[in-house]
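Structure below is query_16.txt: compact mmCIF, C-alpha atoms.
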# COMPACT_ATOMS: atom_id res chain seq x y z
CA MET A 1 15.41 34.31 122.04
CA SER A 2 12.32 35.90 120.53
CA GLU A 3 12.20 36.77 116.84
CA ARG A 4 12.21 40.46 117.64
CA ALA A 5 15.19 40.13 119.94
CA SER A 6 16.95 38.01 117.31
CA ALA A 7 16.29 40.64 114.64
CA GLN A 8 17.52 43.44 116.89
CA ARG A 9 20.65 41.45 117.64
CA TRP A 10 21.22 40.91 113.92
CA LEU A 11 20.81 44.60 113.20
CA ARG A 12 23.22 45.52 115.98
CA HIS A 13 25.80 43.04 114.65
CA GLN A 14 25.49 44.45 111.10
CA SER A 15 25.13 48.07 112.14
CA LEU A 16 28.39 49.28 110.55
CA PRO A 17 27.58 48.42 106.91
CA LEU A 18 23.91 49.24 107.41
CA VAL A 19 24.61 52.76 108.62
CA PHE A 20 27.18 53.39 105.90
CA GLY A 21 24.78 51.92 103.35
CA LEU A 22 22.12 54.39 104.34
CA LEU A 23 24.61 57.25 104.26
CA PHE A 24 25.70 56.12 100.81
CA LEU A 25 22.15 56.02 99.48
CA GLY A 26 21.32 59.40 100.97
CA SER A 27 24.48 60.94 99.52
CA LEU A 28 23.84 59.39 96.12
CA VAL A 29 20.30 60.77 96.03
CA GLY A 30 21.61 64.18 97.06
CA GLN A 31 24.32 64.04 94.40
CA ALA A 32 21.75 63.08 91.77
CA LEU A 33 19.47 65.98 92.60
CA THR A 34 22.18 68.64 92.92
CA GLY A 35 24.02 67.34 89.86
CA TRP A 36 20.81 67.47 87.85
CA HIS A 37 20.20 71.09 88.84
CA ARG A 38 23.80 72.02 88.05
CA PHE A 39 23.62 70.30 84.65
CA ASN A 40 20.45 72.14 83.71
CA ASP A 41 21.88 75.43 84.96
CA GLU A 42 24.83 74.95 82.60
CA GLN A 43 22.47 74.03 79.77
CA HIS A 44 20.43 77.18 80.27
CA ALA A 45 23.58 79.29 80.44
CA ALA A 46 24.46 77.93 77.01
CA ARG A 47 20.92 78.72 75.84
CA LEU A 48 20.10 75.02 75.58
CA SER A 49 17.19 73.00 76.95
CA GLY A 50 17.35 71.26 80.31
CA ILE A 51 16.71 67.55 80.76
CA SER A 52 14.46 65.55 83.08
CA LEU A 53 15.76 63.82 86.22
CA PRO A 54 15.35 60.33 84.72
CA ASP A 55 17.30 61.43 81.66
CA TYR A 56 20.03 62.88 83.90
CA LEU A 57 20.27 59.67 85.94
CA THR A 58 20.97 57.71 82.73
CA SER A 59 23.34 60.32 81.33
CA ALA A 60 27.08 60.03 80.90
CA ASP A 61 27.51 63.15 83.03
CA PHE A 62 25.98 61.49 86.09
CA ALA A 63 27.76 58.21 85.48
CA VAL A 64 31.20 59.83 85.31
CA ASP A 65 30.58 61.96 88.40
CA VAL A 66 29.76 58.82 90.39
CA THR A 67 32.32 56.39 89.02
CA GLU A 68 35.27 58.78 89.24
CA ASN A 69 34.73 58.72 93.00
CA TRP A 70 34.13 54.98 93.21
CA GLN A 71 37.34 54.07 91.39
CA SER A 72 39.49 56.22 93.64
CA GLU A 73 37.94 54.82 96.83
CA TYR A 74 38.59 51.24 95.75
CA LEU A 75 42.09 52.12 94.59
CA GLN A 76 42.72 53.61 98.02
CA PHE A 77 41.59 50.43 99.73
CA LEU A 78 43.48 48.23 97.27
CA LEU A 79 46.78 50.03 97.82
CA TYR A 80 46.25 50.28 101.57
CA ILE A 81 45.53 46.57 101.81
CA LEU A 82 48.59 45.67 99.73
CA PHE A 83 51.06 48.24 101.05
CA THR A 84 50.37 47.44 104.71
CA VAL A 85 51.70 43.94 104.05
CA TRP A 86 55.20 45.35 103.66
CA LEU A 87 55.22 49.06 104.62
CA LEU A 88 55.37 50.15 108.23
CA GLN A 89 54.63 53.16 110.41
CA ARG A 90 56.11 53.05 113.87
CA GLY A 91 53.46 53.83 116.46
CA SER A 92 50.46 53.55 114.13
CA PRO A 93 47.57 51.21 114.86
CA GLU A 94 47.23 50.87 111.08
CA SER A 95 50.69 49.31 110.76
CA LYS A 96 51.83 45.80 111.49
CA GLU A 97 54.38 45.30 114.21
CA LEU A 98 57.81 46.35 113.04
CA ASP A 99 59.21 42.79 112.84
CA LYS A 100 56.25 41.33 110.93
CA ALA A 101 56.51 42.93 107.49
CA GLY A 102 55.60 40.51 104.67
CA GLY A 103 53.16 37.66 104.12
CA GLU A 104 53.85 36.04 107.53
CA SER A 105 54.04 32.32 108.29
CA ASP A 106 51.33 29.73 107.68
CA GLU A 107 50.99 29.36 111.42
CA GLU A 108 50.42 33.08 111.93
CA GLN A 109 47.94 33.11 109.04
CA LYS A 110 46.15 29.92 110.19
CA VAL A 111 46.28 28.15 106.85
CA GLY A 112 46.79 24.53 105.89
CA ALA A 113 47.75 22.37 108.85
CA HIS A 114 47.45 25.41 111.13
CA ALA A 115 43.85 26.17 110.15
CA GLU A 116 41.27 26.00 112.90
CA GLU A 117 38.04 24.04 112.90
CA ASP A 118 35.97 27.02 111.85
CA SER A 119 38.52 28.50 109.45
CA PRO A 120 37.21 29.22 105.92
CA ALA A 121 37.33 26.14 103.71
CA TRP A 122 39.86 27.50 101.23
CA ALA A 123 42.21 28.40 104.12
CA ARG A 124 42.41 24.70 105.01
CA VAL A 125 43.18 23.42 101.50
CA GLY A 126 46.31 24.01 99.46
CA GLY A 127 47.08 24.91 95.87
CA TRP A 128 45.40 27.65 93.85
CA ARG A 129 42.39 27.81 96.12
CA ARG A 130 44.47 28.87 99.11
CA THR A 131 46.43 31.30 96.94
CA VAL A 132 43.26 32.89 95.59
CA TYR A 133 41.60 33.11 98.98
CA SER A 134 44.77 34.46 100.56
CA ASN A 135 44.60 37.38 98.11
CA SER A 136 40.82 37.59 97.69
CA LEU A 137 40.36 40.93 99.41
CA GLY A 138 42.92 42.67 97.23
CA LEU A 139 41.68 40.89 94.11
CA VAL A 140 38.08 42.00 94.60
CA MET A 141 39.15 45.55 95.37
CA ALA A 142 41.29 45.53 92.23
CA VAL A 143 38.44 44.25 90.06
CA ILE A 144 36.03 46.86 91.38
CA PHE A 145 38.67 49.57 90.90
CA PHE A 146 39.45 48.63 87.30
CA VAL A 147 35.80 48.19 86.35
CA SER A 148 34.75 51.51 87.84
CA TRP A 149 37.78 53.25 86.33
CA GLY A 150 36.87 51.74 82.98
CA VAL A 151 33.30 52.98 83.28
CA GLN A 152 34.63 56.40 84.31
CA SER A 153 36.73 56.49 81.13
CA LEU A 154 33.77 55.63 78.89
CA ALA A 155 31.25 57.86 80.64
CA GLY A 156 33.78 60.68 80.86
CA TRP A 157 34.54 60.28 77.15
CA ALA A 158 30.84 60.60 76.27
CA ALA A 159 30.30 63.55 78.61
CA TYR A 160 33.44 65.32 77.34
CA ASN A 161 32.38 64.84 73.73
CA ARG A 162 28.94 66.25 74.51
CA GLU A 163 30.66 69.38 75.80
CA ARG A 164 32.88 69.52 72.72
CA LEU A 165 29.84 69.36 70.42
CA VAL A 166 28.11 72.13 72.39
CA ASP A 167 31.28 74.17 71.86
CA LEU A 168 31.12 73.42 68.09
CA ARG A 169 34.20 71.18 68.19
CA ASP A 170 34.74 67.69 66.77
CA PRO A 171 34.37 64.77 69.19
CA ILE A 172 37.45 62.68 69.94
CA SER A 173 37.96 58.91 70.04
CA TRP A 174 38.08 56.92 73.27
CA PRO A 175 41.81 56.15 72.90
CA ALA A 176 42.43 59.87 72.45
CA TYR A 177 40.34 60.57 75.56
CA LEU A 178 42.57 58.28 77.62
CA HIS A 179 45.41 60.72 76.87
CA ASN A 180 43.25 63.77 77.41
CA ALA A 181 43.57 66.20 80.30
CA ASP A 182 39.89 65.83 81.18
CA PHE A 183 40.30 62.10 81.95
CA TRP A 184 43.48 62.54 83.96
CA SER A 185 42.27 65.64 85.75
CA ARG A 186 39.21 63.74 86.96
CA THR A 187 41.34 60.74 87.91
CA LEU A 188 44.14 62.57 89.69
CA GLN A 189 41.94 65.01 91.57
CA ASN A 190 40.37 62.00 93.25
CA TRP A 191 43.61 60.07 93.77
CA GLN A 192 45.39 62.93 95.53
CA SER A 193 42.67 63.24 98.15
CA GLU A 194 42.57 59.50 98.80
CA PHE A 195 46.31 59.17 99.23
CA LEU A 196 46.43 62.25 101.45
CA ALA A 197 43.67 60.90 103.68
CA VAL A 198 45.23 57.48 104.12
CA GLY A 199 48.74 58.76 104.63
CA SER A 200 47.74 61.41 107.12
CA PHE A 201 45.51 58.97 109.00
CA ALA A 202 48.39 56.52 109.42
CA VAL A 203 50.48 59.27 111.00
CA LEU A 204 47.79 61.07 113.03
CA ALA A 205 46.77 57.78 114.64
CA VAL A 206 50.25 57.55 116.16
CA TYR A 207 49.62 60.54 118.40
CA LEU A 208 45.85 60.98 118.56
CA ARG A 209 43.19 58.71 120.04
CA GLN A 210 39.49 57.95 119.62
CA ARG A 211 38.29 56.03 122.63
CA GLY A 212 36.45 52.83 121.75
CA SER A 213 37.31 52.80 118.04
CA PRO A 214 39.24 49.85 116.60
CA GLN A 215 40.88 52.37 114.27
CA SER A 216 42.62 53.94 117.30
CA LYS A 217 45.03 52.70 119.91
CA PRO A 218 43.72 52.62 123.48
CA VAL A 219 43.80 56.10 124.95
CA GLY A 220 46.60 55.26 127.33
CA GLU A 221 48.70 53.27 124.85
CA PRO A 222 52.19 54.72 124.31
CA HIS A 223 52.88 56.55 121.06
CA ALA A 224 55.64 54.05 120.20
CA SER A 225 53.31 51.03 120.31
CA THR A 226 52.75 49.73 116.80
CA GLY A 227 49.89 47.61 115.47
CA VAL A 228 47.76 47.92 118.61
CA GLU A 229 44.04 48.62 118.25
CA GLY A 230 41.57 49.96 120.83
CA MET B 231 5.09 75.94 60.16
CA LYS B 232 5.60 72.34 59.03
CA ALA B 233 9.13 70.99 58.83
CA PRO B 234 10.08 69.41 55.47
CA HIS B 235 10.86 65.71 55.14
CA SER B 236 13.91 64.59 53.26
CA GLY B 237 12.05 61.63 51.68
CA ASN B 238 14.35 59.06 50.12
CA ARG B 239 17.58 60.96 50.65
CA PRO B 240 20.32 58.31 50.36
CA ARG B 241 22.83 57.69 53.11
CA VAL B 242 26.47 57.19 52.21
CA GLU B 243 27.60 55.66 55.50
CA ARG B 244 25.94 54.02 58.47
CA GLU B 245 25.33 56.18 61.47
CA CYS B 246 27.64 55.55 64.38
CA ARG B 247 26.37 55.54 67.93
CA THR B 248 29.78 56.29 69.43
CA GLY B 249 29.00 57.31 72.97
CA GLY B 250 25.51 58.58 72.32
CA LEU B 251 23.99 55.89 74.49
CA ARG B 252 22.37 56.68 77.79
CA LEU B 253 24.94 55.61 80.37
CA GLY B 254 23.36 54.59 83.64
CA LEU B 255 25.59 53.12 86.31
CA VAL B 256 24.90 49.40 86.06
CA PRO B 257 23.90 49.41 82.39
CA ALA B 258 27.11 51.29 81.62
CA VAL B 259 29.14 48.27 82.64
CA LEU B 260 27.02 45.91 80.62
CA LEU B 261 27.16 48.20 77.60
CA LEU B 262 30.96 48.25 77.44
CA PRO B 263 31.08 45.88 74.44
CA ALA B 264 28.48 47.91 72.57
CA LEU B 265 30.32 51.13 73.24
CA ALA B 266 33.58 49.58 72.17
CA SER B 267 32.06 48.49 68.86
CA GLY B 268 31.48 52.11 67.99
CA CYS B 269 28.64 51.78 65.48
CA GLY B 270 25.04 50.77 65.80
CA SER B 271 21.63 52.08 64.97
CA GLY B 272 18.64 53.59 66.66
CA ARG B 273 19.53 56.51 68.85
CA ASP B 274 21.61 58.36 66.24
CA ALA B 275 18.71 58.11 63.76
CA ALA B 276 16.75 61.03 65.25
CA PRO B 277 19.44 63.72 64.91
CA GLY B 278 20.38 62.26 61.54
CA ARG B 279 16.84 62.58 60.24
CA VAL B 280 16.54 66.18 61.42
CA ALA B 281 19.88 67.01 59.83
CA ASP B 282 18.80 65.40 56.56
CA ASP B 283 15.52 67.29 56.64
CA PHE B 284 17.38 70.56 57.18
CA GLU B 285 19.79 69.88 54.34
CA ALA B 286 16.87 68.93 52.08
CA ALA B 287 15.04 72.14 52.95
CA VAL B 288 18.12 74.23 52.17
CA SER B 289 18.73 72.30 48.97
CA ASN B 290 15.11 72.82 47.85
CA GLY B 291 15.10 76.51 48.75
CA ASP B 292 12.52 75.88 51.48
CA ALA B 293 13.56 78.66 53.85
CA GLU B 294 10.56 78.32 56.14
CA GLY B 295 11.08 74.60 56.42
CA ALA B 296 14.74 75.11 57.33
CA CYS B 297 13.86 77.77 59.90
CA ALA B 298 11.39 75.38 61.54
CA LEU B 299 14.29 73.05 62.28
CA LEU B 300 16.50 75.63 63.95
CA ALA B 301 17.00 75.70 67.71
CA ALA B 302 15.30 78.71 69.28
CA ALA B 303 18.58 80.37 70.29
CA THR B 304 19.99 79.91 66.80
CA LEU B 305 16.90 81.35 65.15
CA ASP B 306 16.99 84.35 67.49
CA GLU B 307 20.68 84.92 66.82
CA LEU B 308 20.16 84.76 63.04
CA GLU B 309 17.29 87.23 63.08
CA GLN B 310 19.14 89.63 65.39
CA SER B 311 22.37 89.56 63.39
CA SER B 312 20.66 89.84 59.96
CA GLY B 313 17.95 92.24 61.03
CA ARG B 314 15.47 90.22 58.96
CA PRO B 315 13.08 87.30 59.60
CA CYS B 316 14.72 83.91 59.44
CA ALA B 317 12.97 82.91 56.21
CA GLU B 318 14.43 85.94 54.44
CA SER B 319 18.02 85.41 55.55
CA ILE B 320 18.77 81.76 56.21
CA LEU B 321 19.48 80.77 52.62
CA ASP B 322 22.05 83.56 52.45
CA GLU B 323 23.97 81.98 55.31
CA VAL B 324 23.95 78.26 54.55
CA GLU B 325 24.21 75.98 51.55
CA ALA B 326 23.39 72.31 51.14
CA GLY B 327 26.46 70.20 51.79
CA GLY B 328 26.00 67.11 49.65
CA PRO B 329 25.62 63.47 50.77
CA ARG B 330 25.72 62.78 54.51
CA ALA B 331 29.04 61.31 55.62
CA GLY B 332 28.16 60.46 59.20
CA VAL B 333 26.46 61.37 62.47
CA SER B 334 27.93 61.41 65.98
CA ARG B 335 25.73 61.76 69.02
CA TYR B 336 26.75 62.23 72.66
CA GLY B 337 23.85 62.76 75.05
CA THR B 338 21.86 65.83 74.01
CA ALA B 339 24.38 67.02 71.40
CA ALA B 340 25.09 65.69 67.91
CA GLN B 341 27.13 66.47 64.82
CA ALA B 342 26.14 65.61 61.25
CA ARG B 343 28.81 65.74 58.56
CA TYR B 344 28.08 66.35 54.89
CA GLY B 345 30.38 66.79 51.94
CA ASP B 346 30.88 70.54 52.32
CA ASP B 347 28.95 71.26 55.48
CA VAL B 348 28.82 70.29 59.13
CA LEU B 349 25.75 70.71 61.32
CA PHE B 350 25.63 70.73 65.10
CA LEU B 351 22.34 69.69 66.70
CA THR B 352 20.85 69.86 70.17
CA GLU B 353 18.04 67.88 71.76
CA GLY B 354 15.34 69.81 73.58
CA SER B 355 11.77 69.38 74.73
CA ASN B 356 10.57 69.60 71.12
CA GLY B 357 13.10 67.09 69.81
CA TRP B 358 16.29 67.58 67.87
CA ARG B 359 17.01 70.96 66.32
CA VAL B 360 19.91 72.46 64.39
CA ALA B 361 22.07 74.55 66.71
CA ALA B 362 24.68 75.54 64.12
CA ALA B 363 24.93 75.17 60.35
CA GLY B 364 27.19 76.17 57.51
CA CYS B 365 30.16 75.11 59.65
CA ALA B 366 33.72 74.71 58.43
CA PRO B 367 36.83 73.75 60.40
CA SER B 368 38.77 76.69 61.76
CA PRO B 369 42.43 76.97 60.74
CA ASP B 370 43.65 76.80 64.37
CA ALA B 371 41.76 73.58 65.22
CA GLY B 372 39.43 75.54 67.48
CA PRO B 373 35.63 75.61 67.28
CA TYR B 374 34.09 75.43 63.83
CA ASP B 375 33.34 78.69 62.03
CA CYS B 376 29.60 78.56 61.38
CA GLY B 377 27.36 80.61 59.14
CA ILE B 378 24.62 80.42 61.77
CA SER B 379 24.86 79.42 65.41
CA GLY B 380 23.25 80.06 68.74
CA GLY B 381 25.81 82.62 69.82
Encoding of this model in structure tokens:
Amino acid sequence: MSERASAQRWLRHQSLPLVFGLLFLGSLVGQALTGWHRFNDEQHAARLSGISLPDYLTSADFAVDVTENWQSEYLQFLLYILFTVWLLQRGSPESKELDKAGGESDEEQKVGAHAEEDSPAWARVGGWRRTVYSNSLGLVMAVIFFVSWGVQSLAGWAAYNRERLVDLRDPISWPAYLHNADFWSRTLQNWQSEFLAVGSFAVLAVYLRQRGSPQSKPVGEPHASTGVEG
Amino acid sequence: MKAPHSGNRPRVERECRTGGLRLGLVPAVLLLPALASGCGSGRDAAPGRVADDFEAAVSNGDAEGACALLAAATLDELEQSSGRPCAESILDEVEAGGPRAGVSRYGTAAQARYGDDVLFLTEGSNGWRVAAAGCAPSPDAGPYDCGISGG
């Protein structure tokens, strides 16, 4: 296979994250530019000076606007990954089969003696390594969620205090901000949309189809079929 | 109009950088320990110096020097409300507040606390300027009541 053909094949096999990566970068650039204009518009309305784009990109206002979305997305994935181990939805391709709730057997999970030749190394061994690897997806999602939520809390605290100073009010401490409506409003407005999207998707996929997508059952699959992907 | 310099005005407490740091995405994560520590140096120095210079000008009766350190909106508001040039009215509205007790900076806004006075500052294209002065806490825990402000 020529180098060009090999490269094209590689791109085709990685096309999902590549396309979403480009969409992410484009959206982030758009958010930066529109957020900068909105920030300066608010500054001018308060008869204050605007700031440059580089200053906005390193501001607490931009950081909180980005991280409040990141934390909710990773929380969504974390909970979806964990809940689908035990929770079921009859007829949904997103659900396990109705008699398979739970961690499943070693044979079903291909670990230890049931691992295959090309199974990941930590799936073949026992002890803490297998335990960690068996939960690695949820663990990484949890770490990213908590880190981004932590950054949201700090950036949101700084941005909120900037607004308080503009309004001629005393700033508040970070612990006080964790009990403040601004922090929880930002957090919950993101959580509600994530939970709604996941919950509604699990139900809609029972009755609706998208031909060719692994997120959908085959077009002709009965509504009652559970855990079947197209 | 040249702004006055406060010279060797003593500081009572160190300036705290609580949250005044520039928070980029990746650096924000790395700066968590610094933010958690609460106090530092550097970025709070600029608004602190301007606040000290303003207090020194007021203390020395240097009305023009104090006016030079006002934000444009605040200067306009003072002249409109008093009906006189800033240099003729500012010393009627504010008094020097005593030794500086601390500075807090968050992005382009800062607060400097003195014994009997609180200043609010804003950062613009020409550096830090006093946005409000002669401020005292309001009885209902709302915004400070200020002798001069930007409106």
List as a tab-separated table every residue of chain A that is in contact with chain B, defined as an atom at most 8 Å from one of its atoms (using all atoms listed in the file), together with the nearest atom pair and the distance in Å rounded to one decimal, sorted by chain and then rising number.
residue	atom	partner	partner_atom	distance
A:Arg47	CA	B:Ala303	CA	6.2
A:Leu48	CA	B:Gly354	CA	7.3
A:Ser49	CA	B:Gly354	CA	5.0
A:Gly50	CA	B:Gly354	CA	7.2
A:Ile51	CA	B:Gly354	CA	7.7
A:Asp55	CA	B:Arg252	CA	8.0
A:Leu57	CA	B:Gly254	CA	6.4
A:Thr58	CA	B:Gly254	CA	4.0
A:Ser59	CA	B:Leu253	CA	5.1
A:Ala60	CA	B:Leu253	CA	4.9
A:Phe62	CA	B:Gly254	CA	7.8
A:Ala63	CA	B:Leu255	CA	5.6
A:Thr67	CA	B:Leu255	CA	8.0
A:Val147	CA	B:Val259	CA	7.6
A:Val151	CA	B:Val259	CA	6.3
A:Leu154	CA	B:Gly249	CA	7.8
A:Ala155	CA	B:Leu253	CA	6.7
A:Trp157	CA	B:Gly249	CA	7.5
A:Ala158	CA	B:Gly249	CA	5.0
A:Ala159	CA	B:Tyr336	CA	7.1
A:Asn161	CA	B:Tyr336	CA	6.3
A:Arg162	CA	B:Tyr336	CA	4.9
A:Leu165	CA	B:Ala339	CA	6.0
A:Val166	CA	B:Ala339	CA	6.4
A:Asp167	CA	B:Pro373	CA	6.5
A:Leu168	CA	B:Pro373	CA	5.1
A:Arg169	CA	B:Pro373	CA	4.7
A:Asp170	CA	B:Gln341	CA	8.0
A:Pro171	CA	B:Ser334	CA	7.9
Worksheet item: Smallest atom-to-atom distance to A:Ala32: which of A:Val132, A:Leu196, A:Ala45, A:Val64, using only C-alpha atoms?
Response: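 So, comparing all the options, the nearest one is A:Val64.
Straight-line separation from atom CA of B:Gly313 to atom CA of B:Val280: 26.1 Å.
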Fill in: Distance in Å - atom CA of A:Trp174 versus atom CA of A:Asp41
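Spanning atom CA of A:Trp174 to atom CA of A:Asp41 is a straight-line distance of 27.2 Å.
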Practice prompt. Would you list the residues near (20.5, 76.5, 51.0) (no more than 10 Å away, in the coordinates of the file, using all atoms listed in the file) as a VMD selection string?
Written response: chain B and resid 284 to 293 296 320 to 327 364
Fill in: Residue neighbourhood A:Ser119, 12 Å, only C-alpha atoms, exclusion window fewer than 5 positions, as a list in words
Gln109, Lys110, Val111, Gly112, Ala113, His114, Arg124, Val125, Arg130 and Tyr133 of chain A
Item to complete: Please measure the separation of atom CA of B:Ala342 and atom CA of B:Gly278, giving the value in Å to one decimal.
Response: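 These two atoms are separated by 6.7 Å.
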Fill in: Selection near A:Tyr80, 10 Å with only C-alpha atoms, sequence-local residues under 4 positions removed, as a list in words
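Everything that qualifies: Tyr74, Leu75, Gln76, Thr84, Val85, Leu87, Glu94, Gly138, Phe195, Val198 and Gly199 of chain A.
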Worksheet item: Between B:Gly345, B:Arg359, B:Cys297, B:Gly328, which one has atoms that come closest to B:Pro315, using all atoms listed in the file?
Response: B:Cys297
Worksheet item: Which is closer to A:Asn69 than all the others in A:Ser148, A:Ser2, A:Ser225, A:Ser153, using all atoms listed in the file?
Response: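 Checking each candidate against A:Asn69, we get A:Ser148 as the closest.
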Discussion item. With distances taken over only C-alpha atoms, which residue among B:Ala363, B:Ala331, B:Leu305, B:Ile378 lies nearest B:Ala317?
Written reply: B:Leu305
I'd like the contact shell of A:Arg90 - 7 Å cut-off, only C-alpha atoms, skipping same-chain residues fewer than 4 positions apart - returned as a PDB file with C-alpha atoms, in the frame of the given file.
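Result written to out.pdb:
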ATOM      1  CA  LEU A  98      57.810  46.350 113.040  1.00  0.00           C
ATOM      2  CA  ALA A 224      55.640  54.050 120.200  1.00  0.00           C
ATOM      3  CA  THR A 226      52.750  49.730 116.800  1.00  0.00           C
TER       4      THR A 226
END
